[in-house]
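Undergrad: Pasting a structure below so you can have a look.
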Amino acid sequence: MRSLINITDLSVEELYALMDKALDIIQSPSSYSGSCRGKKIATLFFEPSTRTRLSFEAAMLELGGSVISVSGAGGSSVTKGETLADTAKVVSCYADIIAVRHPLAGSAREMSKAAGIPVINAGDGGHYHPTQTLADLLTIYREKGRLTGLTIGICGDLLYGRTVHSLIDAMSRYEGTRFVLIAPSELRVPDHITEKLSTLGIPFEETTDLEEALPSLDMLYMTRIQRERFENPQTYERLAGCYVLDSRKMRSARKDCIVLHPLPRVDEISTDFDSDPRAAYFRQAQNGKFMREALILKLLAEASLPAPEENVYSDPRFKCTNKKCVCAHERGIVHEVYYDTKGALRCAYCDELIEE
Ligand code: NCD
């Protein structure tokens with residue numbers, strides 16, 4: 001069973017094919033209006049969402065399919081102690097495809113192992129959010145005309161921002177990408193990401209200074225400080241509002257430097273910038289629906305194909321202890337690990353280091 005857990009589950013060719021499909025859907029929506037007749041998507045959202053959930057549901061409805069859903073942490077039998085694996089098995093009896101958002105890293109992966117239908121990761125804690133990246137890629141492609149040769153600034157909460165992690169994984173695969181990672185020192189990108197960048201030889205720099213970075217960028221990806229992921233609320237209070245982009249600051253940016261944001265925004269982009277043609281974030285939200293349509297079509301068409309082989313293994317000596325990982329909460333989970341590019345052992349669910 002093919003699922004989408006990480007953006008790297010899709011090859012570069014598949015990403016281009018999804019973008020072509022989305023562009024075709026935009027051109028002639030009526031030719032797709034019956035493509036999923038008789039099919040159901042189950043949207044299981046154990047964390048708040050506006051865009052992601054509604055765009056999945058709108059996508060399925062536009063394709064002629066229907067939607068069943070659970071929302072809110074208290075809205076399902078998971079609160080009665082049901083495991084995610086059992087939930088996945090049960091939902092597989094009622095639906096044809098699942099989109100799941102859950103606060104624990106690795107939750108979608110755990111569900112995909114038990115489900116009899118494709119599972120789409122709609123955000124697993126502070127880990128990954130591959131379908132936001134699909135929206136981001138189509139936006140970059142439509143706005144810039146290319147995905148190669150871009151200097152990409154990413155600013156804000158790079159530690160907990162799951163959209164950032166998936167975006168970096170995706171853009172690392174296009175030639176000529178250069179990253180400028182702009183964050184306070186407490187919110188730097190996790191080491192499993194910087195380590196991959198170093199091994200792949202992708203140029204990146206880390207800085208705390210947004211204004212200094214701005215003039216060199218082809219695009220800027222702003223993000224919200226992820227309040228819900230902080231263990232200490234005082235740390236959040238200290239870092240909240242650390243970057244605010246506005247029209248004045250954007251005067252030093254290139255005339256064609258687009259600004260993206262996965263939304264929701266708090267105060268990191270001033271509304272005075274919204275009317276600037278470079279503000280692409282609402283177009284980005286719209287692109288998300290078309291890419292989700294393309295993804296649903298692909299995964300349903302490929303539902304009978306086997307899951308690709310993963311280079312992971314389980315050994316009772318190695319257990320993940322990350323409190324934010326599904327491994328620390330799910331009964332009966334089989335811990336799985338992999339060797340990273342430097343030969344260190346990491347959890348296959350959350351990518352945290354298990355042994356150097
Ligand atoms: C993002 C998320 O949920 O990670 N939102 C979204 O899906 N568009 C970003 C965020 O919540 O800050």
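Identifiers in the structure tokens: chain A, B, ... in order shown; residue index from 1 per chain; ligand index from 1 in order shown.
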Counting only C-alpha atoms and all ligand atoms, which protein, DNA or RNA residues come within 8 Å of ligand 1, given as a list in words?
TA: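 Listing the residues within 8 Å of ligand 1 gives Pro48, Ser49, Thr50, Arg51, Thr52, Ala122, Gly123, Gly126, His129, Gln132, Gly161, Arg162, Thr163, Thr223, Arg224, Ile225, Gln226, His261, Pro262, Leu263, Pro264, Arg265 and Ala285 of chain A.
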Undergrad: Please produce a file of those selected residues containing N, CA, C and O atoms, as a PDB file, in the first residue's frame.
TA:
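As written to disk, again_30.pdb reads:
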ATOM      1  N   PRO A  48      -5.863  21.040  15.736  1.00  0.00           N
ATOM      2  CA  PRO A  48      -6.618  22.035  14.979  1.00  0.00           C
ATOM      3  C   PRO A  48      -6.127  22.185  13.541  1.00  0.00           C
ATOM      4  O   PRO A  48      -4.959  21.962  13.245  1.00  0.00           O
ATOM      5  N   SER A  49      -7.047  22.554  12.666  1.00  0.00           N
ATOM      6  CA  SER A  49      -6.701  22.803  11.264  1.00  0.00           C
ATOM      7  C   SER A  49      -7.835  23.569  10.606  1.00  0.00           C
ATOM      8  O   SER A  49      -9.004  23.322  10.915  1.00  0.00           O
ATOM      9  N   THR A  50      -7.495  24.467   9.723  1.00  0.00           N
ATOM     10  CA  THR A  50      -8.518  25.088   8.869  1.00  0.00           C
ATOM     11  C   THR A  50      -8.228  24.676   7.433  1.00  0.00           C
ATOM     12  O   THR A  50      -8.964  23.923   6.810  1.00  0.00           O
ATOM     13  N   ARG A  51      -7.089  25.174   6.916  1.00  0.00           N
ATOM     14  CA  ARG A  51      -6.730  24.967   5.519  1.00  0.00           C
ATOM     15  C   ARG A  51      -6.571  23.499   5.136  1.00  0.00           C
ATOM     16  O   ARG A  51      -7.129  23.043   4.152  1.00  0.00           O
ATOM     17  N   THR A  52      -5.772  22.783   5.913  1.00  0.00           N
ATOM     18  CA  THR A  52      -5.397  21.439   5.467  1.00  0.00           C
ATOM     19  C   THR A  52      -6.638  20.558   5.412  1.00  0.00           C
ATOM     20  O   THR A  52      -6.907  19.901   4.413  1.00  0.00           O
ATOM     21  N   ALA A 122      -1.033  14.488   7.236  1.00  0.00           N
ATOM     22  CA  ALA A 122      -1.457  15.893   7.156  1.00  0.00           C
ATOM     23  C   ALA A 122      -0.836  16.707   8.297  1.00  0.00           C
ATOM     24  O   ALA A 122      -1.370  17.742   8.691  1.00  0.00           O
ATOM     25  N   GLY A 123       0.311  16.229   8.798  1.00  0.00           N
ATOM     26  CA  GLY A 123       1.027  16.911   9.883  1.00  0.00           C
ATOM     27  C   GLY A 123       1.171  15.984  11.070  1.00  0.00           C
ATOM     28  O   GLY A 123       0.177  15.643  11.698  1.00  0.00           O
ATOM     29  N   GLY A 126       5.646  18.106  15.384  1.00  0.00           N
ATOM     30  CA  GLY A 126       6.559  19.096  14.812  1.00  0.00           C
ATOM     31  C   GLY A 126       7.489  18.471  13.786  1.00  0.00           C
ATOM     32  O   GLY A 126       8.552  19.018  13.490  1.00  0.00           O
ATOM     33  N   HIS A 129       5.163  17.660   7.242  1.00  0.00           N
ATOM     34  CA  HIS A 129       3.848  18.063   6.708  1.00  0.00           C
ATOM     35  C   HIS A 129       3.939  18.076   5.175  1.00  0.00           C
ATOM     36  O   HIS A 129       3.959  19.130   4.546  1.00  0.00           O
ATOM     37  N   GLN A 132       1.581  20.163   2.737  1.00  0.00           N
ATOM     38  CA  GLN A 132       1.812  21.607   2.682  1.00  0.00           C
ATOM     39  C   GLN A 132       2.930  21.876   1.672  1.00  0.00           C
ATOM     40  O   GLN A 132       2.878  22.824   0.899  1.00  0.00           O
ATOM     41  N   GLY A 161       8.651  23.843  13.258  1.00  0.00           N
ATOM     42  CA  GLY A 161       7.841  24.068  12.048  1.00  0.00           C
ATOM     43  C   GLY A 161       7.923  22.885  11.102  1.00  0.00           C
ATOM     44  O   GLY A 161       8.865  22.735  10.318  1.00  0.00           O
ATOM     45  N   ARG A 162       6.917  22.025  11.149  1.00  0.00           N
ATOM     46  CA  ARG A 162       6.949  20.801  10.324  1.00  0.00           C
ATOM     47  C   ARG A 162       6.922  21.114   8.834  1.00  0.00           C
ATOM     48  O   ARG A 162       7.479  20.382   8.022  1.00  0.00           O
ATOM     49  N   THR A 163       6.287  22.235   8.459  1.00  0.00           N
ATOM     50  CA  THR A 163       6.244  22.578   7.033  1.00  0.00           C
ATOM     51  C   THR A 163       7.660  22.879   6.533  1.00  0.00           C
ATOM     52  O   THR A 163       7.993  22.597   5.389  1.00  0.00           O
ATOM     53  N   THR A 223       7.301  31.735   8.813  1.00  0.00           N
ATOM     54  CA  THR A 223       6.518  30.765   9.596  1.00  0.00           C
ATOM     55  C   THR A 223       6.149  31.342  10.956  1.00  0.00           C
ATOM     56  O   THR A 223       6.798  32.245  11.469  1.00  0.00           O
ATOM     57  N   ARG A 224       5.122  30.739  11.520  1.00  0.00           N
ATOM     58  CA  ARG A 224       4.623  31.099  12.846  1.00  0.00           C
ATOM     59  C   ARG A 224       5.489  30.427  13.917  1.00  0.00           C
ATOM     60  O   ARG A 224       5.946  29.287  13.722  1.00  0.00           O
ATOM     61  N   ILE A 225       5.688  31.101  15.047  1.00  0.00           N
ATOM     62  CA  ILE A 225       6.331  30.427  16.183  1.00  0.00           C
ATOM     63  C   ILE A 225       5.267  29.478  16.751  1.00  0.00           C
ATOM     64  O   ILE A 225       4.154  29.886  17.072  1.00  0.00           O
ATOM     65  N   GLN A 226       5.618  28.173  16.841  1.00  0.00           N
ATOM     66  CA  GLN A 226       4.628  27.119  17.106  1.00  0.00           C
ATOM     67  C   GLN A 226       4.342  26.997  18.608  1.00  0.00           C
ATOM     68  O   GLN A 226       4.832  26.085  19.275  1.00  0.00           O
ATOM     69  N   HIS A 261       3.948  31.655   3.085  1.00  0.00           N
ATOM     70  CA  HIS A 261       3.677  31.372   4.503  1.00  0.00           C
ATOM     71  C   HIS A 261       2.630  30.255   4.492  1.00  0.00           C
ATOM     72  O   HIS A 261       1.626  30.374   3.780  1.00  0.00           O
ATOM     73  N   PRO A 262       2.843  29.181   5.274  1.00  0.00           N
ATOM     74  CA  PRO A 262       1.851  28.099   5.230  1.00  0.00           C
ATOM     75  C   PRO A 262       0.516  28.532   5.828  1.00  0.00           C
ATOM     76  O   PRO A 262      -0.515  27.898   5.569  1.00  0.00           O
ATOM     77  N   LEU A 263       0.536  29.588   6.623  1.00  0.00           N
ATOM     78  CA  LEU A 263      -0.631  30.093   7.359  1.00  0.00           C
ATOM     79  C   LEU A 263      -1.073  29.039   8.384  1.00  0.00           C
ATOM     80  O   LEU A 263      -0.848  27.860   8.171  1.00  0.00           O
ATOM     81  N   PRO A 264      -1.652  29.329   9.478  1.00  0.00           N
ATOM     82  CA  PRO A 264      -2.107  30.656   9.879  1.00  0.00           C
ATOM     83  C   PRO A 264      -0.949  31.556  10.319  1.00  0.00           C
ATOM     84  O   PRO A 264       0.041  31.086  10.869  1.00  0.00           O
ATOM     85  N   ARG A 265      -1.102  32.859  10.056  1.00  0.00           N
ATOM     86  CA  ARG A 265      -0.095  33.798  10.571  1.00  0.00           C
ATOM     87  C   ARG A 265      -0.588  34.358  11.899  1.00  0.00           C
ATOM     88  O   ARG A 265      -1.799  34.445  12.125  1.00  0.00           O
ATOM     89  N   ALA A 285      -2.351  28.973  -0.476  1.00  0.00           N
ATOM     90  CA  ALA A 285      -3.427  28.193   0.170  1.00  0.00           C
ATOM     91  C   ALA A 285      -4.356  27.608  -0.889  1.00  0.00           C
ATOM     92  O   ALA A 285      -4.799  26.460  -0.790  1.00  0.00           O
TER      93      ALA A 285
END
Undergrad: Between A:Asp157, A:Glu293, A:Glu352, A:Glu309, which one has atoms that come closest to Leu61 of chain A, using only C-alpha atoms?
TA: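 Going through A:Asp157, A:Glu293, A:Glu352, A:Glu309 one by one, the smallest distance to Leu61 of chain A is for A:Glu293.
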Undergrad: Using DSSP on the backbone coordinates, identify the residues of segment 149-347 of chain A assigned to alpha helix (DSSP H); present them as a ChimeraX atom specification.
TA: /A:162-171,191-200,210-213,233-239,247-250,281-301
Undergrad: Extract, using only C-alpha atoms, all DNA, RNA and protein residues at most 9 Å from Ala280 of chain A, discarding same-chain residues fewer than 6 positions from it, and format them as an MDAnalysis selection string.
TA: chainID A and resid 139 143 258:261 274
Undergrad: Can those selected residues be exported to a file as a compact mmCIF listing (two decimals), in the first residue's frame so that it contains C-alpha atoms?
TA:
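Final file, part.txt:
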# COMPACT_ATOMS: atom_id res chain seq x y z
CA THR A 139 3.23 27.97 -5.72
CA GLU A 143 5.17 32.17 -9.36
CA ILE A 258 8.01 36.08 -3.47
CA VAL A 259 6.85 35.64 0.11
CA LEU A 260 5.23 32.37 1.18
CA HIS A 261 3.68 31.37 4.50
CA ASP A 274 -0.79 41.66 1.71
Undergrad: Near Thr8 of chain A, within 10 Å and counting only C-alpha atoms, which residues show up once chain neighbours fewer than 4 positions away are dropped, as a list in words?
TA: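 The residues that qualify are Leu4, Val12, Leu15, Pro130, Ser166, Asp169, Ala170 and Arg173 of chain A.
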Undergrad: Find the spatial neighbours of segment 334-336 of chain A, counting only C-alpha atoms, within a cut-off of 8 Å - ignore same-chain residues fewer than 3 positions away - and output them as a ChimeraX atom specification.
TA: /A:312-316,318-320,327,347-349
Undergrad: With C-alpha atoms retained, export the selected residues as a compact mmCIF listing (two decimals), in the first residue's frame.
TA:
# COMPACT_ATOMS: atom_id res chain seq x y z
CA VAL A 312 14.91 0.31 8.41
CA TYR A 313 15.13 -2.51 10.91
CA SER A 314 14.03 -3.32 14.43
CA ASP A 315 16.25 -4.54 17.23
CA PRO A 316 15.05 -4.76 20.85
CA PHE A 318 17.27 0.23 20.29
CA LYS A 319 14.20 2.10 21.48
CA CYS A 320 13.25 5.70 20.81
CA CYS A 327 6.97 5.34 20.04
CA CYS A 347 14.31 6.49 15.01
CA ALA A 348 12.43 5.69 11.81
CA TYR A 349 9.30 7.40 13.19
Undergrad: When you count only C-alpha atoms, which of these residues is closest to Ser198 of chain A: A:Lys144, A:Thr341, A:Arg248, A:Ala294?
TA: A:Thr341
Undergrad: Which distance in Å separates atom CA of Val180 of chain A and atom CA of Phe204 of chain A, to one decimal?
TA: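 Separating atom CA of Val180 of chain A from atom CA of Phe204 of chain A is a distance of 5.6 Å.
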Undergrad: Per residue of segment 152-232 of chain A within 12 Å of segment 241-246 of chain A, note the shortest atom pair and the distance in Å to one decimal, counting only C-alpha atoms, and order the rows by chain and increasing residue number, as a Markdown table.
TA:
| residue | atom | partner | partner_atom | distance |
| --- | --- | --- | --- | --- |
| A:Ile154 | CA | A:Tyr243 | CA | 11.5 |
| A:Cys155 | CA | A:Tyr243 | CA | 7.9 |
| A:Gly156 | CA | A:Tyr243 | CA | 6.7 |
| A:Asp157 | CA | A:Cys242 | CA | 9.8 |
| A:Ile182 | CA | A:Tyr243 | CA | 9.4 |
| A:Ala183 | CA | A:Tyr243 | CA | 8.7 |
| A:Pro184 | CA | A:Cys242 | CA | 7.9 |
| A:Ser185 | CA | A:Cys242 | CA | 11.5 |
| A:Glu186 | CA | A:Cys242 | CA | 11.7 |
| A:Leu187 | CA | A:Cys242 | CA | 11.0 |
| A:Thr208 | CA | A:Tyr243 | CA | 9.5 |
| A:Asp209 | CA | A:Tyr243 | CA | 9.1 |
| A:Leu210 | CA | A:Tyr243 | CA | 7.5 |
| A:Glu211 | CA | A:Leu245 | CA | 9.0 |
| A:Leu214 | CA | A:Leu245 | CA | 10.2 |
| A:Leu220 | CA | A:Leu245 | CA | 10.1 |
| A:Tyr221 | CA | A:Leu245 | CA | 10.8 |
| A:Met222 | CA | A:Leu245 | CA | 8.3 |
| A:Thr223 | CA | A:Tyr243 | CA | 9.4 |
| A:Arg224 | CA | A:Gly241 | CA | 9.0 |
| A:Ile225 | CA | A:Gly241 | CA | 8.0 |
| A:Gln226 | CA | A:Gly241 | CA | 11.5 |
| A:Arg227 | CA | A:Gly241 | CA | 11.3 |
Undergrad: Residues as selected, C-alpha atoms, written as an mmCIF file, in the first residue's frame, can you do that?
TA:
data_model
loop_
_atom_site.group_PDB
_atom_site.id
_atom_site.type_symbol
_atom_site.label_atom_id
_atom_site.label_comp_id
_atom_site.auth_asym_id
_atom_site.auth_seq_id
_atom_site.Cartn_x
_atom_site.Cartn_y
_atom_site.Cartn_z
ATOM 1 C CA ILE A 154 13.164 30.310 5.648
ATOM 2 C CA CYS A 155 12.393 32.365 8.709
ATOM 3 C CA GLY A 156 10.825 31.821 12.129
ATOM 4 C CA ASP A 157 10.325 28.580 14.022
ATOM 5 C CA ILE A 182 16.816 32.539 9.679
ATOM 6 C CA ALA A 183 15.867 31.730 13.275
ATOM 7 C CA PRO A 184 16.654 32.563 16.892
ATOM 8 C CA SER A 185 19.313 30.187 18.241
ATOM 9 C CA GLU A 186 16.682 28.271 20.290
ATOM 10 C CA LEU A 187 14.614 27.557 17.170
ATOM 11 C CA THR A 208 19.388 35.324 13.163
ATOM 12 C CA ASP A 209 19.189 38.462 11.002
ATOM 13 C CA LEU A 210 16.213 38.658 8.617
ATOM 14 C CA GLU A 211 16.936 42.141 7.292
ATOM 15 C CA LEU A 214 16.540 39.680 2.618
ATOM 16 C CA LEU A 220 11.146 34.011 1.630
ATOM 17 C CA TYR A 221 9.146 31.402 3.566
ATOM 18 C CA MET A 222 7.842 32.951 6.778
ATOM 19 C CA THR A 223 6.518 30.765 9.596
ATOM 20 C CA ARG A 224 4.623 31.099 12.846
ATOM 21 C CA ILE A 225 6.331 30.427 16.183
ATOM 22 C CA GLN A 226 4.628 27.119 17.106
ATOM 23 C CA ARG A 227 3.259 27.998 20.542
#
Undergrad: Atom CA of Leu200 of chain A and atom CA of Ile152 of chain A, how far apart in Å?
TA: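 Going from atom CA of Ile152 of chain A over to atom CA of Leu200 of chain A covers 16.6 Å.
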Undergrad: In terms of the shortest atom-to-atom distance over only C-alpha atoms, which of A:Ala73, A:Leu54, A:Ile5, A:Leu63 is closest to Ile25 of chain A?
TA: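 For Ile25 of chain A, the nearest of the candidates is A:Leu63.
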Undergrad: Quick check, in Å to one decimal: how far apart do atom CA of Arg254 of chain A and atom CA of Gly201 of chain A lie?
TA: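 Going from atom CA of Arg254 of chain A over to atom CA of Gly201 of chain A, I get 26.1 Å.
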Undergrad: List as a PyMOL selection string the protein and nucleic acid residues near Gly72 of chain A, meaning an atom at most 10 Å away when only C-alpha atoms are counted, but skip any in the same chain fewer than 4 places from it.
TA: chain A and resi 44-49+76+101-102
Undergrad: Per DSSP on the backbone, what are the strand (DSSP E or B) residues of segment 7-62 of chain A, as a PyMOL selection string?
TA: chain A and resi 40-45
Undergrad: Need the shell around segment 105-121 of chain A: protein/DNA/RNA residues with any atom at most 8 Å away, counting only C-alpha atoms. Skip same-chain ones fewer than 3 positions apart. Format as JSON, numbers by chain?
TA: {"A": [1, 2, 3, 4, 5, 6, 84, 85, 86, 87, 88, 89, 91, 92, 95, 96, 97, 98, 99, 100, 101, 102, 124, 125, 126, 127, 128, 129, 130, 131, 299, 300, 303, 324, 325, 326, 327, 333, 348, 349, 350]}
Undergrad: Please write the residues from the selection above to a file, keeping N, CA and C atoms, as a CSV table (one decimal), in the first residue's frame.
TA:
chain,number,residue,atom,x,y,z
A,1,MET,N,0.8,-1.2,0.0
A,1,MET,CA,0.0,0.0,0.0
A,1,MET,C,0.9,1.2,0.0
A,2,ARG,N,0.7,2.1,-1.0
A,2,ARG,CA,1.5,3.3,-1.1
A,2,ARG,C,0.8,4.5,-0.3
A,3,SER,N,1.6,5.1,0.6
A,3,SER,CA,1.1,6.2,1.4
A,3,SER,C,2.0,7.4,1.2
A,4,LEU,N,1.6,8.6,1.8
A,4,LEU,CA,2.5,9.7,1.7
A,4,LEU,C,2.8,10.2,3.2
A,5,ILE,N,3.9,9.8,3.7
A,5,ILE,CA,4.3,10.1,5.1
A,5,ILE,C,5.4,11.2,5.1
A,6,ASN,N,6.4,11.1,4.2
A,6,ASN,CA,7.4,12.1,4.1
A,6,ASN,C,7.4,12.6,2.6
A,84,LEU,N,-3.5,3.9,17.6
A,84,LEU,CA,-3.6,4.5,16.3
A,84,LEU,C,-3.7,3.3,15.2
A,85,ALA,N,-3.0,2.2,15.5
A,85,ALA,CA,-3.0,1.1,14.6
A,85,ALA,C,-4.4,0.5,14.5
A,86,ASP,N,-5.1,0.3,15.6
A,86,ASP,CA,-6.5,-0.2,15.6
A,86,ASP,C,-7.4,0.8,14.9
A,87,THR,N,-7.2,2.1,15.2
A,87,THR,CA,-8.1,3.1,14.5
A,87,THR,C,-7.9,3.0,13.0
A,88,ALA,N,-6.7,2.9,12.6
A,88,ALA,CA,-6.4,2.8,11.1
A,88,ALA,C,-7.1,1.6,10.5
A,89,LYS,N,-7.0,0.5,11.2
A,89,LYS,CA,-7.7,-0.8,10.7
A,89,LYS,C,-9.2,-0.5,10.5
A,91,VAL,N,-10.9,2.4,10.4
A,91,VAL,CA,-11.2,3.4,9.3
A,91,VAL,C,-11.1,2.8,7.9
A,92,SER,N,-10.2,1.9,7.8
A,92,SER,CA,-10.0,1.2,6.5
A,92,SER,C,-11.2,0.4,6.0
A,95,ALA,N,-13.5,3.7,4.6
A,95,ALA,CA,-13.1,4.7,3.7
A,95,ALA,C,-12.1,4.1,2.7
A,96,ASP,N,-11.7,4.9,1.7
A,96,ASP,CA,-10.8,4.5,0.7
A,96,ASP,C,-9.4,5.1,0.8
A,97,ILE,N,-9.3,6.2,1.6
A,97,ILE,CA,-8.1,6.9,1.8
A,97,ILE,C,-8.2,7.7,3.1
A,98,ILE,N,-7.1,7.8,3.8
A,98,ILE,CA,-7.1,8.6,5.1
A,98,ILE,C,-6.2,9.8,5.0
A,99,ALA,N,-6.6,10.9,5.5
A,99,ALA,CA,-5.7,12.0,5.8
A,99,ALA,C,-5.7,12.2,7.3
A,100,VAL,N,-4.5,12.1,7.9
A,100,VAL,CA,-4.5,12.2,9.4
A,100,VAL,C,-3.5,13.3,9.9
A,101,ARG,N,-4.0,14.1,10.8
A,101,ARG,CA,-3.1,15.0,11.6
A,101,ARG,C,-3.1,14.7,13.0
A,102,HIS,N,-1.9,14.6,13.6
A,102,HIS,CA,-1.8,14.1,15.0
A,102,HIS,C,-0.7,14.8,15.7
A,124,ASP,N,2.4,15.5,11.4
A,124,ASP,CA,2.6,14.7,12.5
A,124,ASP,C,3.5,15.4,13.5
A,125,GLY,N,2.9,16.1,14.5
A,125,GLY,CA,3.6,16.9,15.5
A,125,GLY,C,4.4,17.9,14.8
A,126,GLY,N,5.6,18.1,15.4
A,126,GLY,CA,6.6,19.1,14.8
A,126,GLY,C,7.5,18.5,13.8
A,127,HIS,N,7.1,17.4,13.2
A,127,HIS,CA,8.0,16.6,12.4
A,127,HIS,C,7.9,16.9,10.9
A,128,TYR,N,6.8,16.4,10.2
A,128,TYR,CA,6.7,16.7,8.8
A,128,TYR,C,5.3,17.0,8.4
A,129,HIS,N,5.2,17.7,7.2
A,129,HIS,CA,3.8,18.1,6.7
A,129,HIS,C,3.9,18.1,5.2
A,130,PRO,N,4.0,16.9,4.6
A,130,PRO,CA,4.3,16.8,3.1
A,130,PRO,C,3.3,17.5,2.2
A,131,THR,N,2.0,17.5,2.6
A,131,THR,CA,1.1,18.0,1.6
A,131,THR,C,1.1,19.6,1.6
A,299,LEU,N,-2.8,8.5,-5.4
A,299,LEU,CA,-2.8,7.4,-4.4
A,299,LEU,C,-3.9,6.4,-4.6
A,300,LEU,N,-5.1,6.9,-5.0
A,300,LEU,CA,-6.2,5.9,-5.2
A,300,LEU,C,-5.9,5.0,-6.4
A,303,ALA,N,-3.4,2.4,-5.3
A,303,ALA,CA,-3.7,1.7,-4.0
A,303,ALA,C,-3.3,0.3,-4.0
A,324,LYS,N,8.0,13.2,22.3
A,324,LYS,CA,7.1,13.7,21.3
A,324,LYS,C,6.9,12.7,20.1
A,325,CYS,N,7.5,11.5,20.3
A,325,CYS,CA,7.4,10.5,19.2
A,325,CYS,C,6.3,9.5,19.6
A,326,VAL,N,5.6,9.0,18.6
A,326,VAL,CA,4.6,8.0,18.7
A,326,VAL,C,5.1,6.8,19.5
A,327,CYS,N,6.4,6.5,19.4
A,327,CYS,CA,7.0,5.3,20.0
A,327,CYS,C,6.8,5.4,21.6
A,333,ILE,N,3.9,-0.8,19.8
A,333,ILE,CA,4.6,-0.3,18.6
A,333,ILE,C,5.9,-1.1,18.4
A,348,ALA,N,13.1,5.6,13.1
A,348,ALA,CA,12.4,5.7,11.8
A,348,ALA,C,11.1,6.4,11.9
A,349,TYR,N,10.6,6.7,13.1
A,349,TYR,CA,9.3,7.4,13.2
A,349,TYR,C,9.5,8.9,13.3
A,350,CYS,N,10.5,9.3,14.1
A,350,CYS,CA,10.7,10.8,14.4
A,350,CYS,C,12.0,11.3,14.0
